[in-house]
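What follows is the content of upload-v2.cif, which has mmCIF, C-alpha atoms and all ligand atoms:
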```cif
data_data
loop_
_atom_site.label_atom_id
_atom_site.label_comp_id
_atom_site.auth_asym_id
_atom_site.auth_seq_id
_atom_site.Cartn_x
_atom_site.Cartn_y
_atom_site.Cartn_z
CA MET A 1 0.00 0.00 0.00
CA LYS A 2 1.29 3.42 -0.95
CA LEU A 3 1.17 6.12 1.69
CA HIS A 4 0.30 9.49 0.23
CA VAL A 5 0.52 13.05 1.50
CA GLY A 6 -2.88 14.66 1.11
CA LEU A 7 -5.09 11.58 0.83
CA PRO A 8 -8.59 13.08 1.14
CA ASN A 9 -10.42 12.76 4.46
CA LEU A 10 -13.85 11.21 3.98
CA PRO A 11 -17.18 11.83 5.70
CA ASN A 12 -19.80 9.40 6.92
CA ASN A 13 -21.17 8.05 3.61
CA ASP A 14 -24.77 7.80 4.81
CA VAL A 15 -24.85 11.47 5.78
CA LEU A 16 -23.76 12.42 2.28
CA TYR A 17 -26.15 9.98 0.53
CA ARG A 18 -29.09 11.36 2.54
CA ALA A 19 -28.12 14.91 1.59
CA LEU A 20 -27.89 13.95 -2.09
CA ASP A 21 -31.38 12.40 -2.00
CA ASP A 22 -32.67 15.54 -0.35
CA ILE A 23 -31.00 17.84 -2.88
CA LEU A 24 -32.32 15.87 -5.87
CA ALA A 25 -35.83 15.76 -4.41
CA SER A 26 -35.75 19.53 -3.89
CA HIS A 27 -34.61 20.37 -7.45
CA ARG A 28 -32.41 23.00 -5.84
CA LEU A 29 -28.89 22.25 -7.10
CA THR A 30 -27.05 25.55 -6.69
CA ASN A 31 -27.47 29.37 -6.46
CA ASN A 32 -27.16 29.98 -2.72
CA GLY A 33 -29.34 27.05 -1.72
CA PRO A 34 -30.12 25.78 1.79
CA TYR A 35 -27.01 23.58 2.11
CA VAL A 36 -24.73 26.47 1.17
CA ARG A 37 -26.46 28.71 3.69
CA LYS A 38 -26.25 26.02 6.36
CA LEU A 39 -22.53 25.53 5.69
CA GLU A 40 -21.94 29.28 5.89
CA ALA A 41 -23.82 29.49 9.20
CA ALA A 42 -21.88 26.54 10.66
CA ILE A 43 -18.54 28.05 9.65
CA THR A 44 -19.48 31.47 11.00
CA GLU A 45 -20.20 29.79 14.30
CA THR A 46 -17.07 27.60 14.35
CA LEU A 47 -14.74 30.49 13.58
CA GLY A 48 -16.53 33.18 15.56
CA VAL A 49 -16.60 35.44 12.50
CA LYS A 50 -19.44 37.65 11.27
CA HIS A 51 -19.62 36.54 7.62
CA ALA A 52 -18.72 33.39 5.70
CA VAL A 53 -19.22 33.35 1.93
CA ALA A 54 -18.94 29.93 0.28
CA VAL A 55 -17.27 29.87 -3.13
CA CYS A 56 -16.29 27.25 -5.72
CA ASN A 57 -12.62 27.20 -4.65
CA ALA A 58 -10.08 29.30 -2.76
CA THR A 59 -8.36 30.57 -5.92
CA ILE A 60 -11.57 32.23 -7.14
CA GLY A 61 -12.23 33.28 -3.54
CA LEU A 62 -8.93 35.19 -3.44
CA GLN A 63 -9.83 36.89 -6.74
CA ILE A 64 -13.29 37.84 -5.51
CA VAL A 65 -11.79 39.39 -2.36
CA ALA A 66 -9.21 41.30 -4.43
CA LYS A 67 -11.96 42.66 -6.70
CA ALA A 68 -14.28 43.45 -3.80
CA LEU A 69 -11.46 45.39 -2.10
CA GLY A 70 -10.87 47.31 -5.35
CA LEU A 71 -7.19 46.38 -5.54
CA THR A 72 -4.95 47.77 -8.28
CA GLY A 73 -1.23 47.60 -9.06
CA GLU A 74 0.95 45.60 -6.71
CA VAL A 75 0.17 43.06 -4.02
CA ILE A 76 2.96 42.09 -1.61
CA MET A 77 2.98 38.37 -0.79
CA PRO A 78 5.37 35.53 0.02
CA ALA A 79 6.86 33.37 -2.75
CA TRP A 80 6.97 30.50 -0.27
CA THR A 81 3.41 29.25 -0.81
CA PHE A 82 1.34 27.20 -3.23
CA VAL A 83 1.39 28.72 -6.72
CA ALA A 84 -2.34 29.59 -6.55
CA THR A 85 -1.66 32.52 -4.20
CA ALA A 86 0.30 34.39 -6.86
CA HIS A 87 -1.49 33.02 -9.94
CA ALA A 88 -4.85 34.18 -8.55
CA MET A 89 -3.61 37.78 -8.45
CA GLU A 90 -1.67 37.70 -11.73
CA TRP A 91 -4.73 36.25 -13.53
CA ILE A 92 -6.79 39.37 -12.71
CA GLY A 93 -4.04 41.80 -13.67
CA LEU A 94 -2.50 42.43 -10.27
CA LYS A 95 1.25 42.22 -9.85
CA PRO A 96 2.60 39.93 -7.13
CA ILE A 97 5.62 41.43 -5.36
CA PHE A 98 7.46 38.67 -3.56
CA CYS A 99 8.63 39.13 -0.01
CA ASP A 100 10.85 36.74 1.91
CA VAL A 101 9.61 34.69 4.85
CA SER A 102 11.10 34.12 8.29
CA ALA A 103 12.26 30.82 9.77
CA SER A 104 8.63 30.23 10.80
CA HIS A 105 7.69 30.08 7.06
CA SER A 106 5.47 33.20 7.09
CA ILE A 107 5.90 36.62 5.49
CA MET A 108 8.46 38.76 7.29
CA PRO A 109 6.88 42.06 8.37
CA SER A 110 10.17 43.98 8.45
CA ARG A 111 10.82 43.10 4.78
CA ILE A 112 7.39 44.33 3.73
CA GLU A 113 8.38 47.85 4.74
CA ARG A 114 11.03 47.90 2.00
CA LEU A 115 8.60 46.81 -0.72
CA VAL A 116 5.67 49.18 -0.09
CA ASN A 117 5.41 52.00 -2.63
CA ASP A 118 2.73 54.16 -4.29
CA ASN A 119 1.60 51.23 -6.46
CA THR A 120 1.02 48.89 -3.52
CA SER A 121 -2.67 48.27 -2.86
CA ALA A 122 -2.50 45.28 -0.51
CA ILE A 123 -0.55 42.78 1.53
CA LEU A 124 -1.54 39.14 1.10
CA GLY A 125 -0.29 36.93 3.95
CA VAL A 126 -0.36 33.13 3.89
CA HIS A 127 -0.87 31.04 7.04
CA LEU A 128 1.36 28.32 5.66
CA TRP A 129 0.89 24.81 7.10
CA GLY A 130 -1.76 26.35 9.37
CA ASN A 131 0.84 28.41 11.24
CA PRO A 132 -0.59 31.92 11.42
CA CYS A 133 1.30 34.98 10.16
CA LEU A 134 2.22 37.72 12.63
CA CYS A 135 -1.30 39.04 12.05
CA ARG A 136 -1.26 41.92 14.52
CA THR A 137 1.99 43.31 13.14
CA LEU A 138 0.70 42.98 9.60
CA GLU A 139 -2.52 44.78 10.56
CA PHE A 140 -0.41 47.59 12.00
CA ILE A 141 1.74 47.87 8.85
CA ALA A 142 -1.32 47.83 6.57
CA ARG A 143 -2.94 50.65 8.55
CA LEU A 144 0.30 52.62 8.61
CA HIS A 145 0.62 52.52 4.81
CA GLU A 146 -3.12 52.65 4.12
CA VAL A 147 -3.16 49.42 2.13
CA LYS A 148 -5.55 46.47 2.38
CA LEU A 149 -4.63 43.25 4.14
CA PHE A 150 -6.04 39.83 3.37
CA PHE A 151 -4.95 36.26 3.97
CA ASP A 152 -4.67 32.99 2.11
CA ALA A 153 -5.94 30.77 4.93
CA ALA A 154 -6.13 27.65 2.74
CA HIS A 155 -4.26 25.58 5.37
CA ALA A 156 -5.53 27.22 8.52
CA PHE A 157 -9.09 26.07 9.23
CA GLY A 158 -9.48 25.73 13.00
CA CYS A 159 -6.14 27.39 13.83
CA SER A 160 -5.87 30.37 16.16
CA TYR A 161 -3.55 33.30 16.76
CA THR A 162 -3.46 35.23 20.04
CA GLY A 163 -6.47 33.13 21.05
CA ARG A 164 -8.55 34.30 18.09
CA ARG A 165 -9.55 31.94 15.29
CA VAL A 166 -8.00 32.50 11.87
CA GLY A 167 -10.76 33.96 9.68
CA ASN A 168 -10.95 37.10 11.80
CA PHE A 169 -7.77 38.90 10.70
CA GLY A 170 -7.19 41.63 8.12
CA ASP A 171 -9.97 42.75 5.79
CA ALA A 172 -10.80 39.17 4.77
CA GLU A 173 -9.44 35.63 4.77
CA VAL A 174 -9.90 32.77 2.31
CA PHE A 175 -10.02 29.07 3.27
CA SER A 176 -9.76 26.19 0.82
CA LEU A 177 -12.07 23.18 1.02
CA HIS A 178 -10.15 21.35 -1.70
CA ALA A 179 -10.06 17.54 -1.43
CA THR A 180 -6.57 17.56 0.12
CA LYS A 181 -7.34 20.07 2.88
CA CYS A 182 -8.36 19.02 6.41
CA ILE A 183 -12.01 19.84 5.72
CA ASN A 184 -13.08 19.32 2.14
CA SER A 185 -16.14 19.82 -0.01
CA PHE A 186 -14.54 17.95 -3.00
CA GLU A 187 -13.67 21.45 -4.30
CA GLY A 188 -14.59 24.62 -2.48
CA GLY A 189 -13.56 27.70 -0.59
CA ILE A 190 -14.81 30.05 2.11
CA ILE A 191 -14.30 33.79 2.34
CA THR A 192 -14.60 35.18 5.87
CA THR A 193 -14.79 38.79 6.98
CA ASN A 194 -16.14 40.95 9.78
CA ASP A 195 -16.87 43.78 7.32
CA ASP A 196 -20.57 43.93 6.29
CA GLU A 197 -20.01 45.88 3.08
CA LEU A 198 -17.15 43.69 1.96
CA ALA A 199 -19.25 40.57 2.62
CA ASP A 200 -22.08 42.02 0.48
CA ALA A 201 -19.65 42.79 -2.33
CA CYS A 202 -18.21 39.24 -2.21
CA ARG A 203 -21.71 37.70 -2.30
CA ARG A 204 -22.62 39.88 -5.26
CA MET A 205 -19.40 39.20 -7.16
CA ARG A 206 -19.53 35.42 -6.72
CA ASN A 207 -22.85 35.55 -8.63
CA PHE A 208 -22.10 37.75 -11.68
CA GLY A 209 -22.84 40.97 -9.76
CA PHE A 210 -26.50 40.05 -9.17
CA VAL A 211 -28.24 41.42 -6.12
CA ASN A 212 -31.77 40.18 -6.66
CA PHE A 213 -33.37 38.11 -9.42
CA ASP A 214 -32.55 40.52 -12.21
CA ASP A 215 -30.61 43.40 -10.72
CA VAL A 216 -26.96 43.37 -11.84
CA GLN A 217 -25.14 45.96 -9.73
CA SER A 218 -21.48 45.28 -10.54
CA PHE A 219 -19.08 43.11 -12.48
CA GLY A 220 -18.75 39.64 -11.13
CA THR A 221 -17.80 36.07 -11.89
CA ASN A 222 -19.23 32.61 -11.32
CA GLY A 223 -17.76 31.71 -7.94
CA LYS A 224 -20.80 29.90 -6.55
CA MET A 225 -20.63 26.70 -4.52
CA SER A 226 -23.17 24.01 -5.47
CA GLU A 227 -25.45 22.22 -3.02
CA ILE A 228 -23.71 18.84 -3.14
CA HIS A 229 -20.36 20.52 -2.48
CA ALA A 230 -21.87 22.29 0.52
CA ALA A 231 -23.38 19.00 1.76
CA MET A 232 -19.93 17.41 1.63
CA GLY A 233 -18.48 20.38 3.52
CA LEU A 234 -21.14 20.03 6.22
CA ALA A 235 -20.57 16.28 6.52
CA MET A 236 -16.82 16.89 6.93
CA LEU A 237 -17.36 19.70 9.42
CA ASP A 238 -19.22 17.15 11.61
CA GLN A 239 -16.00 15.14 11.73
CA PHE A 240 -13.58 18.00 12.12
CA SER A 241 -12.65 17.39 15.74
CA GLN A 242 -12.00 13.68 15.04
CA VAL A 243 -9.77 14.61 12.11
CA VAL A 244 -7.82 17.03 14.30
CA ASP A 245 -7.49 14.47 17.12
CA ALA A 246 -6.11 11.89 14.67
CA ASN A 247 -3.71 14.44 13.15
CA LYS A 248 -2.52 15.51 16.57
CA ALA A 249 -1.86 11.93 17.74
CA ASN A 250 0.09 11.31 14.51
CA PHE A 251 2.06 14.50 15.02
CA VAL A 252 3.09 13.49 18.54
CA LEU A 253 4.29 10.11 17.21
CA TYR A 254 6.32 11.78 14.47
CA VAL A 255 7.96 14.09 17.02
CA GLU A 256 8.81 11.09 19.20
CA TYR A 257 10.41 9.10 16.35
CA LEU A 258 12.15 11.97 14.54
CA GLU A 259 13.39 14.16 17.35
CA SER A 260 16.57 12.18 17.96
CA LEU A 261 17.60 11.97 14.28
CA PRO A 262 20.49 14.27 13.31
CA GLY A 263 19.64 17.03 10.83
CA ILE A 264 15.88 16.35 10.83
CA TYR A 265 13.83 19.15 12.35
CA ILE A 266 10.08 18.96 12.66
CA LEU A 267 8.18 22.25 12.37
CA LYS A 268 6.15 22.59 15.57
CA PRO A 269 3.00 24.68 15.87
CA ASN A 270 2.57 26.97 18.85
CA ALA A 271 1.19 24.61 21.52
CA HIS A 272 -0.75 27.45 23.19
CA GLU A 273 -2.96 27.97 20.14
CA ASP A 274 -5.56 25.82 18.37
CA HIS A 275 -4.13 23.98 15.39
CA ASN A 276 -5.36 21.41 12.85
CA TYR A 277 -2.03 19.51 12.58
CA GLN A 278 -2.88 18.88 8.94
CA TYR A 279 0.72 18.89 7.74
CA VAL A 280 3.80 17.18 9.11
CA VAL A 281 6.61 19.37 7.82
CA VAL A 282 10.26 18.54 8.42
CA GLU A 283 13.37 20.41 7.39
CA VAL A 284 16.44 18.44 6.39
CA ASP A 285 19.77 20.05 7.21
CA GLN A 286 22.04 18.24 4.77
CA ALA A 287 25.25 19.03 6.64
CA ALA A 288 23.98 17.51 9.88
CA ALA A 289 21.98 14.69 8.27
CA GLY A 290 24.81 13.65 5.93
CA VAL A 291 22.28 13.23 3.13
CA SER A 292 20.17 15.62 1.06
CA ARG A 293 16.44 16.18 1.33
CA ASP A 294 16.05 14.88 -2.22
CA ALA A 295 17.90 11.66 -1.40
CA ILE A 296 15.56 11.03 1.53
CA LEU A 297 12.59 11.84 -0.67
CA ALA A 298 13.77 9.40 -3.36
CA TYR A 299 14.30 6.65 -0.78
CA LEU A 300 10.81 7.17 0.64
CA HIS A 301 9.29 7.03 -2.86
CA GLU A 302 11.19 3.81 -3.64
CA ASN A 303 9.53 2.36 -0.58
CA ASN A 304 5.99 3.48 -1.42
CA VAL A 305 5.90 6.50 0.86
CA ILE A 306 4.87 9.37 -1.36
CA ALA A 307 6.25 12.25 0.72
CA ARG A 308 6.37 15.64 -1.01
CA ARG A 309 8.72 18.57 -1.34
CA TYR A 310 6.09 21.29 -1.67
CA PHE A 311 6.47 24.68 -3.33
CA TYR A 312 9.87 23.97 -4.88
CA PRO A 313 11.66 26.15 -6.10
CA GLY A 314 9.55 29.06 -4.78
CA ILE A 315 7.10 30.98 -6.98
CA HIS A 316 9.66 33.72 -7.66
CA ARG A 317 11.77 31.13 -9.51
CA LEU A 318 8.99 29.92 -11.81
CA PRO A 319 9.64 30.79 -15.45
CA MET A 320 6.37 32.70 -16.02
CA TYR A 321 7.22 35.21 -13.28
CA VAL A 322 9.56 38.15 -13.79
CA PRO A 323 12.82 37.14 -12.12
CA SER A 324 12.82 38.64 -8.66
CA ARG A 325 15.53 39.48 -6.20
CA ALA A 326 16.96 36.55 -4.27
CA LEU A 327 14.81 35.51 -1.32
CA PRO A 328 17.35 33.69 0.87
CA MET A 329 14.98 32.10 3.40
CA THR A 330 12.50 31.04 0.71
CA GLU A 331 15.34 29.35 -1.20
CA ARG A 332 16.69 27.72 1.92
CA LEU A 333 13.29 26.27 2.81
CA ALA A 334 12.68 25.13 -0.78
CA GLU A 335 15.87 23.03 -0.50
CA ARG A 336 15.06 21.61 2.93
CA VAL A 337 11.35 20.99 3.33
CA LEU A 338 9.85 17.53 3.25
CA VAL A 339 6.15 16.91 3.94
CA LEU A 340 5.21 13.53 5.44
CA PRO A 341 1.90 11.64 5.28
CA THR A 342 -0.67 12.12 8.02
CA GLY A 343 -4.44 12.18 8.50
CA PRO A 344 -6.99 9.77 9.98
CA SER A 345 -6.13 7.06 7.43
CA VAL A 346 -2.46 6.97 8.52
CA SER A 347 -1.80 4.58 11.43
CA GLY A 348 0.82 4.51 14.14
CA ASN A 349 2.47 1.58 12.34
CA ASP A 350 2.60 3.61 9.13
CA ILE A 351 4.35 6.42 10.97
CA GLU A 352 6.84 4.03 12.51
CA ARG A 353 7.58 2.70 9.02
CA VAL A 354 8.04 6.21 7.53
CA CYS A 355 10.40 7.18 10.34
CA SER A 356 12.41 3.94 10.06
CA LEU A 357 12.84 4.63 6.35
CA ILE A 358 14.10 8.13 7.09
CA LYS A 359 16.54 6.69 9.60
CA GLU A 360 17.76 4.14 7.02
CA ALA A 361 18.19 6.93 4.45
CA LEU A 362 20.40 8.81 6.91
CA CYS A 363 22.63 5.78 7.39
CA LYS A 364 23.06 4.96 3.72
C1 LIG B 401 -4.80 24.61 -1.80
C2 LIG B 401 -4.25 25.98 -1.75
C3 LIG B 401 -4.81 27.03 -2.49
C4 LIG B 401 -5.85 26.82 -3.54
O1 LIG B 401 -7.05 26.37 -3.06
P1 LIG B 401 -8.15 25.86 -4.09
O2 LIG B 401 -9.37 25.72 -3.23
O3 LIG B 401 -7.66 24.55 -4.63
O4 LIG B 401 -8.31 26.89 -5.16
C5 LIG B 401 -4.32 28.31 -2.29
N1 LIG B 401 -3.30 28.54 -1.45
C6 LIG B 401 -2.72 27.57 -0.74
C7 LIG B 401 -1.62 27.91 0.21
C8 LIG B 401 -3.16 26.24 -0.90
O5 LIG B 401 -2.54 25.24 -0.24
#
```
Could you quickly redo this structure as structure tokens?
Amino acid sequence: MKLHVGLPNLPNNDVLYRALDDILASHRLTNNGPYVRKLEAAITETLGVKHAVAVCNATIGLQIVAKALGLTGEVIMPAWTFVATAHAMEWIGLKPIFCDVSASHSIMPSRIERLVNDNTSAILGVHLWGNPCLCRTLEFIARLHEVKLFFDAAHAFGCSYTGRRVGNFGDAEVFSLHATKCINSFEGGIITTNDDELADACRRMRNFGFVNFDDVQSFGTNGKMSEIHAAMGLAMLDQFSQVVDANKANFVLYVEYLESLPGIYILKPNAHEDHNYQYVVVEVDQAAAGVSRDAILAYLHENNVIARRYFYPGIHRLPMYVPSRALPMTERLAERVLVLPTGPSVSGNDIERVCSLIKEALCK
């Protein structure tokens, strides 16, 4: 059996089948139906945020937020993230300006200061691996320079910062409910905000600018979530705490097995905050480990453990982007990071096997 990173978490099948019967019987398949509204209400409650707007995926969600905020020109963001963060902005004519990250993998506030100019309209932070950005500092910088602040929260459902759930920071945040994320709706996304006007604009823009049946008040796109997607999201939300418990138990096992290995460092979330433990991220220090990250990765793949080196080589190094200045920490992380399998379908024995393979790779 192959062990994969990002194997989708599944709901209780009967819950989903019942919802599908109900949706078909109702003839209401999409267009802000009852399942979408129920999902939005449940997420609002879980995150303690005023508005949740369900969308077809997080990429479109980020674009809807950018349009609703009226962004123009440049958006400052990390290059150490999934390519969607930058592509989403580029695709609607905004220019990503890449900023380096700190050793905690999130955008470095002090570097942002050097990149802000008259063309800057926003800062886009990413809570990578569910580890929140320095949100309060970013809010301060955004206010100081009078630019907007929003977050790619694709990884951060259920995580908190300074005791406050992610979803409540900046002007808006966008979660992904893609199949590989800890809560999924097959495909999907959620925009959250505490700003009433911004929430209205996002609702309007996800539905072609419609306000009522036939009143088009602005430009817009098709960013709607369908009913069956929302039903899947609701079914997964029911299981969220079990998913987190399983992830957490796996994480503790990984720490136990890996902590004594030379040159292998596991990225630990802040234990005082809520976290979904959705990703097990290790950094390989080649000098101390005596072997490269890529050699460990190859050995794991040979042995049916499909670990991943995510985000290599950094978005700023992708050929379709204008070559940017060097981003030393981004490049360092791109060379070192290895993501290991976890989730409710991964057992303690699986984890022992993965860690034994890593140990063998170090001794080769
Ligand atoms: C998954 C992901 C996205 C894209 O989400 P979709 O819902 O697939 O559009 C964006 N940013 C990050 C960091 C992601 O991991």
Practice task
List the neighbours of Val252 (chain A) out to 12 Å using only C-alpha atoms; skip same-chain residues closer than 6 positions along the sequence, and give me the result as a PyMOL selection string.
Solution key: chain A and resi 245-246+258-259+266-269+271+277+280+342+348+351-352
Exercise for the section: Output the neighbourhood of ligand LIG 401 (chain B) as a PyMOL selection string, that is, all protein and nucleic acid residues with some atom at most 10 Å from the ligand, counting only C-alpha atoms and all ligand atoms. Expected result: chain A and resi 55-62+80-88+125-130+151-156+174-181+184-190+310-311
Practice task
List the neighbours of region 103-108 of chain A out to 6 Å using all atoms listed in the file; skip same-chain residues closer than 2 positions along the sequence, and give me the result as a PyMOL selection string.
Solution key: chain A and resi 78+101+110-111+133
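Each of A:Asp14, A:Asp215, A:Phe140, A:Gly6 was checked against Tyr279 (chain A) using all atoms listed in the file; the smallest atom-to-atom distance is that of A:Gly6.
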Handout entry: Polymer residues at most 6 Å from (-6.9, 44.2, -3.3) by all atoms listed in the file, as a ChimeraX atom specification
Key = /A:66,69-71,121-122
Practice task
Skip Val354 (chain A) itself and residues of its chain fewer than 6 positions away, then list as a PyMOL selection string all residues within 12 Å of it, counting only C-alpha atoms.
Solution key: chain A and resi 2-5+250+253-254+257-258+280+296-297+299-307+339-342+346-348+360-361
Problem - Shell of 8 Å around Asn168 (chain A), all atoms listed in the file, local chain residues under 2 positions omitted, as a VMD selection string - result: chain A and resid 47 to 49 164 to 166 170 172 to 173 192 to 194
Exercise for the section: List the neighbours of Cys202 (chain A) out to 9 Å using only C-alpha atoms; skip same-chain residues closer than 5 positions along the sequence, and give me the result as a PyMOL selection string. Expected result: chain A and resi 53+61+64-65+67-68+191+197+207+220
Handout entry: Coordinates-based distance that separates CA of Tyr17 (chain A) from CA of Gly33 (chain A) (Å, one decimal)
Key =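 Distance reported for this atom pair: 17.5 Å.
With distances taken over all atoms listed in the file, A:Arg203 is the one residue among A:Arg308, A:Lys248, A:Arg353, A:Arg203 lying closest to Glu40 (chain A).
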Fill in the blank from the handout: Expressed in Å, the length from CA of Lys95 (chain A) to CA of Arg204 (chain A) is 24.4 Å
Practice task
Have a look at CA of Gly290 (chain A) and CA of Met329 (chain A) and let me know their distance in Å, one decimal.
Solution key: 21.1 Å
Exercise for the section: Could you tell me which of A:Thr72, A:Thr330, A:Thr137, A:Asn222 comes closest to Ala54 (chain A) if we count all atoms listed in the file? Expected result: A:Asn222
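Compared by their closest atoms to Gly263 (chain A), and using all atoms listed in the file, the residues A:Val337, A:Ile23, A:Gly223, A:Arg309 rank with A:Val337 nearest.
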